[in-house]
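Let me begin by presenting the structure, written as structure tokens, before commenting on it.
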Amino acid sequence: VQLQASGGGLVQAGGSLRVSCAASGRTFSAYTIAWFRQAPGKEREFVAAVRGSLGGYRTYYADSVKDRFTVSRDNAKSTVSLQMNTLNPEDTAVYYCAADRNIILSSIRVDGSYDYWGQGTQVTVSS
């Protein structure tokens, strides 16, 4: 699976932005797709994930983004989107999408559990 993230940019605090992850491969629906982010000087952290078909396409969020971010997938287009609302400067980071077909639920928030990664897209929130 190859992943291509897009949609980052500069937005003012309180604004919204949507980032997307396009995937190649014929079994996209089977993959768990996750979003991670890494701010300067910080470790990469989990943001959100959507399970594959065997996981019922359930979604998971970090507490810091719950109720503000929404992850969704379009299996027909092999894309996953992350709608980010009410952004604040602490959301500034490079956002990466990641994929794995065999991830277990207890590891869904662990970046080392994912085999495939996109190149990242910069999201900057100004105050």
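Lettering and numbering for the structure tokens are positional, with chains as A, B, ... in the shown order, residues counted from 1 in each chain, and ligands counted from 1 in the shown order.
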Next on the checklist: Can you tell me which residues surround A:Thr70 at a distance of at most 9 Å, considering only C-alpha atoms, apart from same-chain residues fewer than 4 positions away, and format the answer as a list of chain:residue names?
Outcome noted: A:Ala48, A:Thr59, A:Tyr61, A:Val65, A:Lys66, A:Ser81, A:Leu82, A:Gln83, A:Met84, A:Asn85
Item to check | Sel. of strand (DSSP E) residues, chain A, as JSON, numbers by chain | outcome: {"A": [3, 4, 5, 6, 9, 10, 11, 12, 17, 18, 19, 20, 21, 22, 23, 32, 33, 34, 35, 36, 37, 38, 45, 46, 47, 48, 49, 50, 59, 60, 61, 69, 70, 71, 72, 73, 74, 79, 80, 81, 82, 83, 84, 93, 94, 95, 96, 97, 98, 99, 100, 116, 117, 121, 122, 123, 124, 125, 126]}
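Counting only C-alpha atoms, the residue from A:Val50, A:Ala30, A:Val110, A:Val19 that sits nearest to A:Arg73 is A:Val50.
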Checklist entry - Near stretch 31-35 of chain A, within 8 Å and counting only C-alpha atoms, which residues show up once chain neighbours fewer than 6 positions away are dropped, as a VMD selection string? => result chain A and resid 46 to 53 80 82 95 to 103 108
Checklist entry - Which residue gives the smallest distance to A:Thr27 among A:Thr92, A:Thr86, A:Gln122, A:Asn75, with only C-alpha atoms counted? => result A:Asn75
Checklist entry - What lies within 8 Å of A:Ser78 using only C-alpha atoms, ignoring chain neighbours under 3 positions off, as a PyMOL selection string? => result chain A and resi 22-24+28-29+73-75
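Shortest atom-to-atom contact with A:Asp67 among A:Gly120, A:Arg26, A:Asp111, A:Leu87: A:Leu87, counting only C-alpha atoms.
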Checklist entry - Can you list, as JSON, numbers by chain, every protein, DNA or RNA residue that comes within 8 Å of A:Gln12 when you count only C-alpha atoms, leaving out same-chain residues fewer than 2 positions away? => result {"A": [10, 14, 15, 87, 88, 125, 126, 127]}
